[in-house]
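**Q** Take a look at upload.txt, compact mmCIF, C-alpha atoms:
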```txt
# COMPACT_ATOMS: atom_id res chain seq x y z
CA MET J 1 3.80 13.57 -8.63
CA GLN J 2 5.10 10.01 -8.48
CA LYS J 3 7.49 9.22 -5.66
CA GLU J 4 10.97 7.96 -6.46
CA ILE J 5 12.90 5.23 -4.65
CA VAL J 6 16.52 6.29 -4.19
CA LEU J 7 19.13 3.61 -3.52
CA PHE J 8 22.55 4.73 -2.27
CA LEU J 9 25.51 2.40 -2.86
CA THR J 10 28.84 3.19 -1.19
CA THR J 11 30.43 -0.14 -0.31
CA THR J 12 33.15 -2.01 -2.17
CA PRO J 13 32.12 -4.68 -4.71
CA TYR J 14 33.52 -7.72 -2.92
CA SER J 15 33.22 -6.86 0.78
CA PHE J 16 29.46 -7.12 1.01
CA GLU J 17 26.51 -8.36 -1.05
CA ASN J 18 25.14 -4.83 -1.20
CA THR J 19 25.53 -4.53 -4.97
CA HIS J 20 23.50 -7.68 -5.55
CA THR J 21 20.87 -6.56 -3.03
CA ILE J 22 20.58 -3.07 -4.54
CA LEU J 23 20.12 -4.47 -8.05
CA LYS J 24 17.45 -6.92 -6.85
CA LEU J 25 15.59 -4.14 -4.98
CA ALA J 26 15.73 -1.90 -8.06
CA ASP J 27 14.44 -4.73 -10.24
CA ALA J 28 11.53 -5.41 -7.91
CA ALA J 29 10.60 -1.73 -7.69
CA LEU J 30 10.71 -1.27 -11.46
CA ARG J 31 8.51 -4.33 -11.91
CA LYS J 32 5.95 -2.66 -9.62
CA GLY J 33 6.04 0.50 -11.74
CA GLN J 34 8.06 2.63 -9.32
CA LYS J 35 10.60 5.25 -10.32
CA VAL J 36 14.09 4.22 -9.19
CA ARG J 37 17.37 6.09 -8.92
CA LEU J 38 20.74 4.60 -7.96
CA ILE J 39 23.37 6.86 -6.49
CA ALA J 40 26.83 5.28 -6.49
CA SER J 41 29.43 7.08 -4.43
CA SER J 42 32.85 6.37 -2.98
CA ASP J 43 33.73 2.65 -3.35
CA GLY J 44 30.22 1.91 -4.63
CA VAL J 45 31.25 3.30 -8.01
CA PHE J 46 33.55 0.29 -8.46
CA SER J 47 30.54 -2.02 -8.23
CA ILE J 48 29.27 -0.82 -11.58
CA VAL J 49 32.56 -0.71 -13.48
CA LYS J 50 33.07 -3.28 -16.24
CA GLY J 51 34.85 -6.37 -14.93
CA GLN J 52 34.45 -5.66 -11.22
CA VAL J 53 31.45 -7.71 -10.17
CA PRO J 54 30.34 -10.59 -12.36
CA LYS J 55 27.10 -9.79 -14.20
CA SER J 56 26.46 -6.56 -12.27
CA LEU J 57 27.15 -4.32 -15.25
CA ALA J 58 24.78 -6.33 -17.46
CA ALA J 59 22.11 -6.19 -14.74
CA LEU J 60 22.65 -2.45 -14.36
CA GLU J 61 22.33 -1.92 -18.12
CA ASP J 62 19.06 -3.87 -18.07
CA LEU J 63 17.69 -1.77 -15.21
CA VAL J 64 18.70 1.47 -16.91
CA GLY J 65 17.00 0.27 -20.07
CA ARG J 66 13.84 -0.21 -18.04
CA GLY J 67 13.95 3.29 -16.58
CA MET J 68 16.32 3.40 -13.61
CA ARG J 69 18.39 6.58 -13.36
CA VAL J 70 22.01 6.37 -12.20
CA ASP J 71 24.00 9.17 -10.62
CA ILE J 72 27.70 8.82 -9.89
```
Spell out the structure here as structure tokens.

**A**
Amino acid sequence: MQKEIVLFLTTTPYSFENTHTILKLADAALRKGQKVRLIASSDGVFSIVKGQVPKSLAALEDLVGRGMRVDI
């Protein structure tokens, strides 16, 4: 059974660079062939809403297209 990397995002889109960091970590893990899941909760949900963080939705769509699972 392959292990899965789970990333948990709960911070607001503009207070921290966590959204950018999470997306970069997910990208790197997927490139290495790892299974990745993003859990967005609380204010972290706003980081993946259209228009909130520049380019984050496009990056998220790319990662999902490459196999990342997202739970909200």

**Q** Using only C-alpha atoms for the distances, tell me which of J:Leu25, J:Ala59, J:Met1, J:Leu9 is nearest to Ile72 in chain J.

**A**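 Closest to Ile72 in chain J of all the choices is J:Leu9.
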
**Q** Taking all atoms listed in the file into account, which of J:Leu63, J:Ile48, J:Leu7, J:Val36 comes nearest Ile22 in chain J?

**A**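 Ranked by minimum distance to Ile22 in chain J, first place goes to J:Leu7.
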
**Q** To one decimal in Å, tell me the separation between CA of Ser47 in chain J and CA of Lys32 in chain J.

**A**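 Interatomic distance, CA of Ser47 in chain J to CA of Lys32 in chain J: 24.6 Å.
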
**Q** Find the residue from J:Asn18, J:Thr10, J:Leu23, J:Lys55 that sits nearest to Arg37 in chain J; use all atoms listed in the file when measuring.

**A**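 Nearest candidate to Arg37 in chain J out of J:Asn18, J:Thr10, J:Leu23, J:Lys55: J:Leu23.
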
**Q** Would you pick out the contacts of Leu60 in chain J at 12 Å or less, using all atoms listed in the file, so that residues sharing its chain but fewer than 6 positions from it are not included, and give the list as a CSV table (one decimal) with C-alpha atoms, in the frame of the given file?

**A**
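The resulting file, part-v6.csv, is reproduced below:
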```csv
chain,number,residue,atom,x,y,z
J,19,THR,CA,25.5,-4.5,-5.0
J,20,HIS,CA,23.5,-7.7,-5.6
J,22,ILE,CA,20.6,-3.1,-4.5
J,23,LEU,CA,20.1,-4.5,-8.0
J,24,LYS,CA,17.4,-6.9,-6.8
J,25,LEU,CA,15.6,-4.1,-5.0
J,26,ALA,CA,15.7,-1.9,-8.1
J,27,ASP,CA,14.4,-4.7,-10.2
J,37,ARG,CA,17.4,6.1,-8.9
J,38,LEU,CA,20.7,4.6,-8.0
J,40,ALA,CA,26.8,5.3,-6.5
J,47,SER,CA,30.5,-2.0,-8.2
J,48,ILE,CA,29.3,-0.8,-11.6
J,49,VAL,CA,32.6,-0.7,-13.5
J,50,LYS,CA,33.1,-3.3,-16.2
J,53,VAL,CA,31.4,-7.7,-10.2
J,54,PRO,CA,30.3,-10.6,-12.4
J,66,ARG,CA,13.8,-0.2,-18.0
J,67,GLY,CA,14.0,3.3,-16.6
J,68,MET,CA,16.3,3.4,-13.6
J,69,ARG,CA,18.4,6.6,-13.4
J,70,VAL,CA,22.0,6.4,-12.2
```

**Q** So how far away is CA of Phe8 in chain J from CA of Leu57 in chain J, in Å?

**A**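 It comes out at 16.5 Å.
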
**Q** For a test of reading the model, state the distance in Å between CA of Phe16 in chain J and CA of Arg31 in chain J, rounded to one decimal.

**A** 24.8 Å
